[in-house]
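First up is the structure itself, then whatever we jot down about it.
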Amino acid sequence: MEAILLESVLAPYLPAFLYFAVVAATAAGFLIASRLLGPRRRDPLKLSTYECGVPLLGGTRDRFSVKFYLVAILFVLFDIETVFLIPWAVEFRQFGWLGILEMFIFLGILIIGLVYAFKRGALKWD
Amino acid sequence: MASIPLFLSAAFHSCWLAQAPALETSKSSPNGLEALLQRLVHSYPAEGTWWGAIAAMLIACLAVFAFLNLFALFAVWLERKVSAHMQCRLGPMEVGPHGVLQTIADGIKLTVKEDIIPRVADKVLFIVAPIIVFTGTFIRFAPLPFGDYLVASDLNLGLFYIAAVGSVEVLGVIMAGWSSNNKWSLFGTIRTATQMVSYEIPIGIAFVTVAVSAGTLSTMQIVEQQSGWFWHWFVFRNPFLMVLSIIYLIASLAECKRSPFDLPEAESELVSGFHTEYTGIRFALFFLSEYAAMYLVSGVAVVAFFGGWYLGIPVIDRIGAAPDSSALAFVIGLLIKAHVLIGKAVGLVFVQMWVRWTLPRVRLDQMMSLCLKVLLPISLACLVGSALWDLFMGSLASGKEYSMFFWLE
């Protein structure tokens, strides 16, 4: 069982892992090369935060609009939906009309949710 | 320009070696050039040693990676040239003929610049962020084919892998903006994260619809289903997929943070978005991954909608495809397919640049309402429509023909 899993399911991912290693090593190598080649002359002004040439105004650990959180929640909702749709999509031809009916019920519930969010003004941005 | 495809062909010789076990031995008599080519094709035995297999995979990965880095350098030059000519300027002209080596000169300059970490920055996150963005962008190319047999890793979850790994880049962007401890970076980060996660939804639904039509997520098999005349491409399969391909192209502009959705880096509002504090090679890493992502979304669009490595003319697409064709014909066919796929993808990259220098930037509220109120409902409707189309056409034409241009044959 384990041998089958290794050979048929995980084997195609071996090149992907190798590719990941190559990319990550190159990125780190670029940084190390720059550290070795570049000059190192530090002064307080150079290391200060960029603020278009004027002294720093205000902090950064500040509040921002709650709308962004709403977008994040909507994203989680619809992304999970996509994840649920993918296995159905691949096996779509086998399921036939019954499968499509079930998926339409699932999509219908989600579209009702989208319409509700739309009506409550969750998608309005001003 | 002509040397680019030539280079690509050279780079892919090694890439195709890794895929060689999938090939059947050709039957023609080996002599001269053909014998050499046959040895090349079959030098990786199906029952070979494990380190031989690993070495072949590594060569394929390095070929893909080298191509992408060179493409990113080329695309930066191309963008400067395209923008210049659209504004009646010449663009870079000094380094090399028509300035082609300008980006390499810039890259060397960025490498030898001082590596500055702001005093108030969160050091660990600040250092790790560009690596994560760069890695997160480039590993998405693993299942993306560059031609028949030319793929770093033929995953059965191809499109899903590309969509899922794409989210890693958002994490890197958030880390970069937050750790910079600069309010321009922070604003840029929030905008980037909002935009990228919102536009992932229409892209995901477009992928689901392609999976419904293809019955698989593997990029190689999706392309294989679009063989034959060009109306077998998924974009011409039914009206819904045609609309979805346009939605995908719009959403992919936003996914790449390209104009008209370049709010994350809006130079006139935020200094430079999430990478305001980044200099030297760290900035170069962000920049390279941005231009590599342009090729990625174009390549995925070509694979999913525009026929992949097929030109759409069966006479040309069949060169070297028959099991009894000679090794030379096979190699010529392979080169044609690689050039077709990369040519289509570079064409779409040019369209992205064209759009950038044509359209003005949208506002944040326009960007959000376009995604959630226009693209999302239309793409859901297209998913439903495309699924119904496939079932109807499947029952009408005994499961053989799904294209809306089936009457042309």
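Residue names in the structure tokens use chain letters A, B, ... in the order shown, residue numbers from 1 in each chain, and ligand numbers from 1 in the order shown.
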- Test item: chain B residues at most 6 Å from chain A, counting only C-alpha atoms, as a ChimeraX atom specification: /B:57,61,111-114,118-119,131,135,139,142,153,155,181-183,208,211-212,215-216,365
Residue subset to file, keeping N, CA, C and O atoms, as a CSV table (one decimal), in the first residue's frame:
chain,number,residue,atom,x,y,z
B,57,MET,N,15.9,15.0,-13.7
B,57,MET,CA,14.8,15.9,-13.2
B,57,MET,C,15.5,17.3,-12.8
B,57,MET,O,14.9,18.3,-13.1
B,61,CYS,N,14.5,20.9,-14.2
B,61,CYS,CA,14.2,22.0,-13.3
B,61,CYS,C,15.1,23.2,-13.6
B,61,CYS,O,14.6,24.4,-13.7
B,111,THR,N,22.9,44.1,-7.8
B,111,THR,CA,23.5,43.1,-6.9
B,111,THR,C,24.7,43.7,-6.1
B,111,THR,O,24.9,43.3,-4.9
B,112,VAL,N,25.4,44.7,-6.7
B,112,VAL,CA,26.5,45.2,-6.0
B,112,VAL,C,26.2,46.4,-5.1
B,112,VAL,O,27.0,47.1,-4.6
B,113,LYS,N,24.8,46.7,-5.1
B,113,LYS,CA,24.4,47.9,-4.2
B,113,LYS,C,24.4,47.5,-2.7
B,113,LYS,O,24.3,46.3,-2.4
B,114,GLU,N,24.4,48.5,-1.9
B,114,GLU,CA,24.4,48.2,-0.5
B,114,GLU,C,23.0,47.6,-0.1
B,114,GLU,O,22.0,48.0,-0.6
B,118,PRO,N,16.0,48.8,7.1
B,118,PRO,CA,15.7,50.0,8.0
B,118,PRO,C,15.8,49.6,9.5
B,118,PRO,O,15.6,48.5,9.9
B,119,ARG,N,16.1,50.6,10.3
B,119,ARG,CA,16.4,50.4,11.7
B,119,ARG,C,15.1,49.9,12.4
B,119,ARG,O,15.2,49.0,13.2
B,131,ILE,N,12.4,36.3,-0.3
B,131,ILE,CA,12.7,34.9,-0.7
B,131,ILE,C,11.3,34.2,-0.9
B,131,ILE,O,11.2,33.4,-1.8
B,135,THR,N,10.2,32.6,-4.4
B,135,THR,CA,10.0,31.2,-4.4
B,135,THR,C,8.6,30.9,-4.7
B,135,THR,O,8.3,30.0,-5.6
B,139,ILE,N,7.9,28.6,-8.0
B,139,ILE,CA,7.5,27.2,-8.0
B,139,ILE,C,6.2,27.0,-8.6
B,139,ILE,O,5.8,25.8,-8.9
B,142,ALA,N,6.1,24.8,-11.9
B,142,ALA,CA,6.5,23.3,-12.0
B,142,ALA,C,5.5,22.6,-12.9
B,142,ALA,O,6.0,21.8,-13.7
B,153,SER,N,7.4,19.1,-14.0
B,153,SER,CA,6.7,18.1,-13.2
B,153,SER,C,5.3,18.0,-13.6
B,153,SER,O,4.5,18.9,-13.4
B,155,LEU,N,2.1,17.1,-12.8
B,155,LEU,CA,1.3,16.7,-11.7
B,155,LEU,C,-0.1,16.5,-12.2
B,155,LEU,O,-0.6,17.2,-13.1
B,181,ASN,N,7.6,48.3,8.3
B,181,ASN,CA,7.3,49.3,9.3
B,181,ASN,C,7.2,50.7,8.7
B,181,ASN,O,7.8,51.7,9.3
B,182,ASN,N,6.6,50.8,7.6
B,182,ASN,CA,6.5,52.1,6.9
B,182,ASN,C,5.1,52.2,6.4
B,182,ASN,O,4.5,51.2,6.0
B,183,LYS,N,4.4,53.3,6.6
B,183,LYS,CA,3.0,53.3,6.4
B,183,LYS,C,2.7,53.2,4.9
B,183,LYS,O,1.6,52.6,4.5
B,208,VAL,N,-12.1,25.7,-12.5
B,208,VAL,CA,-13.1,24.7,-12.3
B,208,VAL,C,-13.8,24.4,-13.6
B,208,VAL,O,-14.1,23.3,-13.9
B,211,ALA,N,-11.8,22.4,-15.8
B,211,ALA,CA,-11.7,21.0,-15.3
B,211,ALA,C,-13.0,20.3,-15.7
B,211,ALA,O,-13.0,19.1,-16.0
B,212,VAL,N,-14.1,21.0,-15.7
B,212,VAL,CA,-15.4,20.4,-16.1
B,212,VAL,C,-15.3,20.0,-17.5
B,212,VAL,O,-15.7,18.9,-17.9
B,215,GLY,N,-12.2,17.3,-17.8
B,215,GLY,CA,-12.3,16.1,-17.0
B,215,GLY,C,-11.0,15.7,-16.3
B,215,GLY,O,-10.8,14.6,-15.8
B,216,THR,N,-10.1,16.7,-16.2
B,216,THR,CA,-8.8,16.5,-15.5
B,216,THR,C,-8.2,17.8,-15.1
B,216,THR,O,-8.7,18.9,-15.6
B,365,ASP,N,-12.4,51.2,-4.9
B,365,ASP,CA,-13.8,50.7,-4.8
B,365,ASP,C,-14.2,50.2,-6.2
B,365,ASP,O,-15.0,49.2,-6.2
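Take CA of Met393 in chain B and CA of Phe305 in chain B: the distance between them is 19.0 Å.
Neighbouring residues of Val168 in chain B at 8 Å or closer, counting only C-alpha atoms and skipping chain neighbours under 3 positions away, are Ile132, Val133, Gly136, Ala164, Val165, Leu171 and Gly172 of chain B.
Coordinates place CA of Ala55 in chain B at a distance of 22.3 Å from CA of Met220 in chain B.
By only C-alpha atoms, and with residues fewer than 6 positions from Met353 in chain B along its chain excluded, the set lying at most 12 Å from it is Ala75, Val76, Trp77, Leu78, Glu79, Arg80, Lys81, Val82, Ser83, Ala84, His85, Met86, Leu253, Cys256, Arg258, Ser259, Pro260, Tyr291, Met294, Tyr295, Ser298, Val346, Gly347 and Leu359 of chain B.
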Now that the selection is made, can you save its residues with N, CA, C and O atoms as an mmCIF file, in the first residue's frame?
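Output file selection13.cif follows:
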data_model
loop_
_atom_site.group_PDB
_atom_site.id
_atom_site.type_symbol
_atom_site.label_atom_id
_atom_site.label_comp_id
_atom_site.auth_asym_id
_atom_site.auth_seq_id
_atom_site.Cartn_x
_atom_site.Cartn_y
_atom_site.Cartn_z
ATOM 1 N N ALA B 75 11.621 40.403 -20.492
ATOM 2 C CA ALA B 75 10.331 41.081 -20.384
ATOM 3 C C ALA B 75 10.502 42.487 -19.836
ATOM 4 O O ALA B 75 9.789 43.411 -20.251
ATOM 5 N N VAL B 76 11.465 42.670 -18.912
ATOM 6 C CA VAL B 76 11.692 44.017 -18.388
ATOM 7 C C VAL B 76 12.147 44.937 -19.525
ATOM 8 O O VAL B 76 11.653 46.056 -19.690
ATOM 9 N N TRP B 77 13.076 44.419 -20.345
ATOM 10 C CA TRP B 77 13.545 45.200 -21.499
ATOM 11 C C TRP B 77 12.391 45.477 -22.456
ATOM 12 O O TRP B 77 12.209 46.594 -22.935
ATOM 13 N N LEU B 78 11.567 44.421 -22.720
ATOM 14 C CA LEU B 78 10.465 44.563 -23.667
ATOM 15 C C LEU B 78 9.472 45.606 -23.177
ATOM 16 O O LEU B 78 8.995 46.439 -23.951
ATOM 17 N N GLU B 79 9.193 45.564 -21.855
ATOM 18 C CA GLU B 79 8.237 46.525 -21.314
ATOM 19 C C GLU B 79 8.737 47.948 -21.525
ATOM 20 O O GLU B 79 7.987 48.837 -21.917
ATOM 21 N N ARG B 80 10.041 48.166 -21.289
ATOM 22 C CA ARG B 80 10.589 49.514 -21.458
ATOM 23 C C ARG B 80 10.529 49.933 -22.917
ATOM 24 O O ARG B 80 10.234 51.088 -23.228
ATOM 25 N N LYS B 81 10.796 48.976 -23.827
ATOM 26 C CA LYS B 81 10.752 49.291 -25.254
ATOM 27 C C LYS B 81 9.325 49.573 -25.706
ATOM 28 O O LYS B 81 9.056 50.541 -26.420
ATOM 29 N N VAL B 82 8.375 48.715 -25.258
ATOM 30 C CA VAL B 82 6.974 48.876 -25.662
ATOM 31 C C VAL B 82 6.447 50.211 -25.175
ATOM 32 O O VAL B 82 5.838 50.980 -25.937
ATOM 33 N N SER B 83 6.724 50.503 -23.884
ATOM 34 C CA SER B 83 6.228 51.775 -23.344
ATOM 35 C C SER B 83 6.855 52.936 -24.093
ATOM 36 O O SER B 83 6.182 53.912 -24.424
ATOM 37 N N ALA B 84 8.157 52.824 -24.399
ATOM 38 C CA ALA B 84 8.841 53.917 -25.085
ATOM 39 C C ALA B 84 8.230 54.148 -26.457
ATOM 40 O O ALA B 84 7.909 55.287 -26.823
ATOM 41 N N HIS B 85 8.024 53.087 -27.215
ATOM 42 C CA HIS B 85 7.518 53.268 -28.572
ATOM 43 C C HIS B 85 6.079 53.718 -28.572
ATOM 44 O O HIS B 85 5.649 54.424 -29.484
ATOM 45 N N MET B 86 5.322 53.340 -27.529
ATOM 46 C CA MET B 86 3.935 53.823 -27.461
ATOM 47 C C MET B 86 3.893 55.304 -27.124
ATOM 48 O O MET B 86 2.894 55.968 -27.376
ATOM 49 N N LEU B 253 -4.659 40.055 -14.832
ATOM 50 C CA LEU B 253 -4.004 41.363 -14.736
ATOM 51 C C LEU B 253 -3.951 41.817 -13.282
ATOM 52 O O LEU B 253 -2.925 42.324 -12.809
ATOM 53 N N CYS B 256 -1.513 39.787 -11.180
ATOM 54 C CA CYS B 256 -0.113 40.196 -11.383
ATOM 55 C C CYS B 256 0.136 41.613 -10.914
ATOM 56 O O CYS B 256 1.230 42.139 -11.151
ATOM 57 N N ARG B 258 -0.911 44.255 -12.289
ATOM 58 C CA ARG B 258 -0.599 45.050 -13.468
ATOM 59 C C ARG B 258 -1.652 46.122 -13.646
ATOM 60 O O ARG B 258 -2.802 45.953 -13.249
ATOM 61 N N SER B 259 -1.268 47.208 -14.299
ATOM 62 C CA SER B 259 -2.229 48.240 -14.643
ATOM 63 C C SER B 259 -3.291 47.610 -15.544
ATOM 64 O O SER B 259 -2.962 46.754 -16.357
ATOM 65 N N PRO B 260 -4.582 47.963 -15.492
ATOM 66 C CA PRO B 260 -5.143 49.052 -14.693
ATOM 67 C C PRO B 260 -5.388 48.720 -13.232
ATOM 68 O O PRO B 260 -6.050 49.483 -12.546
ATOM 69 N N TYR B 291 7.693 39.954 -13.068
ATOM 70 C CA TYR B 291 7.708 39.718 -14.510
ATOM 71 C C TYR B 291 7.582 38.236 -14.831
ATOM 72 O O TYR B 291 7.031 37.877 -15.876
ATOM 73 N N MET B 294 3.937 37.430 -14.865
ATOM 74 C CA MET B 294 3.274 37.785 -16.124
ATOM 75 C C MET B 294 3.317 36.620 -17.096
ATOM 76 O O MET B 294 2.348 36.327 -17.782
ATOM 77 N N TYR B 295 4.488 35.964 -17.171
ATOM 78 C CA TYR B 295 4.567 34.813 -18.073
ATOM 79 C C TYR B 295 3.695 33.678 -17.561
ATOM 80 O O TYR B 295 3.044 32.989 -18.321
ATOM 81 N N SER B 298 0.020 34.170 -18.393
ATOM 82 C CA SER B 298 -0.170 34.014 -19.833
ATOM 83 C C SER B 298 -0.040 32.551 -20.235
ATOM 84 O O SER B 298 -0.829 32.050 -21.041
ATOM 85 N N VAL B 346 4.037 34.681 -24.983
ATOM 86 C CA VAL B 346 4.700 35.981 -25.084
ATOM 87 C C VAL B 346 3.755 36.996 -25.736
ATOM 88 O O VAL B 346 3.736 38.173 -25.365
ATOM 89 N N GLY B 347 2.925 36.523 -26.666
ATOM 90 C CA GLY B 347 1.916 37.412 -27.251
ATOM 91 C C GLY B 347 0.977 37.953 -26.184
ATOM 92 O O GLY B 347 0.657 39.151 -26.166
ATOM 93 N N LEU B 359 -4.549 51.979 -20.598
ATOM 94 C CA LEU B 359 -5.651 52.284 -19.694
ATOM 95 C C LEU B 359 -5.160 52.996 -18.446
ATOM 96 O O LEU B 359 -4.068 52.711 -17.946
#
- Query: Which is closest to Val340 in chain B among B:Val303, B:Phe287, B:Ser218, B:Ser369, if we use only C-alpha atoms?
  - Reply: B:Val303
Near Val374 in chain B, counting only C-alpha atoms, which residues have an atom at most 12 Å away, once you skip same-chain residues fewer than 3 positions from it, shown as a CSV table (one decimal) with N, CA and C atoms, in the first residue's frame?
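Written out: result.csv:
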chain,number,residue,atom,x,y,z
A,118,PHE,N,-24.8,41.2,-0.8
A,118,PHE,CA,-25.0,42.3,-1.8
A,118,PHE,C,-26.1,43.3,-1.3
A,123,LEU,N,-20.8,44.7,-0.1
A,123,LEU,CA,-19.9,44.8,-1.2
A,123,LEU,C,-19.7,46.3,-1.5
B,199,TYR,N,-9.3,38.5,-6.5
B,199,TYR,CA,-9.3,38.1,-7.9
B,199,TYR,C,-8.9,36.6,-8.1
B,202,PRO,N,-12.6,34.6,-9.2
B,202,PRO,CA,-12.9,34.3,-10.6
B,202,PRO,C,-11.9,33.4,-11.3
B,247,ILE,N,-12.7,36.8,-18.8
B,247,ILE,CA,-12.7,37.1,-17.3
B,247,ILE,C,-11.3,36.7,-16.7
B,250,ILE,N,-8.7,39.3,-17.5
B,250,ILE,CA,-8.9,40.5,-16.7
B,250,ILE,C,-8.4,40.2,-15.3
B,251,ALA,N,-8.8,39.1,-14.7
B,251,ALA,CA,-8.5,38.8,-13.3
B,251,ALA,C,-7.0,38.5,-13.2
B,366,GLN,N,-13.7,50.8,-7.3
B,366,GLN,CA,-14.1,50.2,-8.6
B,366,GLN,C,-13.5,48.8,-8.8
B,367,MET,N,-12.2,48.7,-8.3
B,367,MET,CA,-11.6,47.4,-8.4
B,367,MET,C,-12.3,46.3,-7.7
B,368,MET,N,-12.8,46.7,-6.4
B,368,MET,CA,-13.5,45.6,-5.6
B,368,MET,C,-14.8,45.3,-6.2
B,369,SER,N,-15.6,46.4,-6.7
B,369,SER,CA,-16.9,46.1,-7.2
B,369,SER,C,-16.8,45.4,-8.5
B,370,LEU,N,-15.8,45.6,-9.3
B,370,LEU,CA,-15.6,44.9,-10.5
B,370,LEU,C,-15.5,43.4,-10.2
B,371,CYS,N,-14.7,43.1,-9.2
B,371,CYS,CA,-14.5,41.7,-8.9
B,371,CYS,C,-15.8,41.0,-8.4
B,377,PRO,N,-20.3,37.0,-10.3
B,377,PRO,CA,-21.6,36.4,-10.8
B,377,PRO,C,-21.5,35.9,-12.2
B,378,ILE,N,-20.8,36.6,-13.1
B,378,ILE,CA,-20.7,36.2,-14.5
B,378,ILE,C,-19.9,34.9,-14.5
B,379,SER,N,-18.9,34.7,-13.8
B,379,SER,CA,-18.1,33.5,-13.9
B,379,SER,C,-18.9,32.3,-13.3
B,380,LEU,N,-19.7,32.5,-12.2
B,380,LEU,CA,-20.5,31.5,-11.7
B,380,LEU,C,-21.5,31.0,-12.8
B,381,ALA,N,-22.2,32.0,-13.4
B,381,ALA,CA,-23.1,31.7,-14.5
B,381,ALA,C,-22.5,31.0,-15.6
- Message: For the structure I just gave you, how does DSSP split range 6-74 of chain A - specifically, which residues are alpha helix (DSSP H)? Reply as a ChimeraX atom specification.
- Response: /A:13-37,67-74
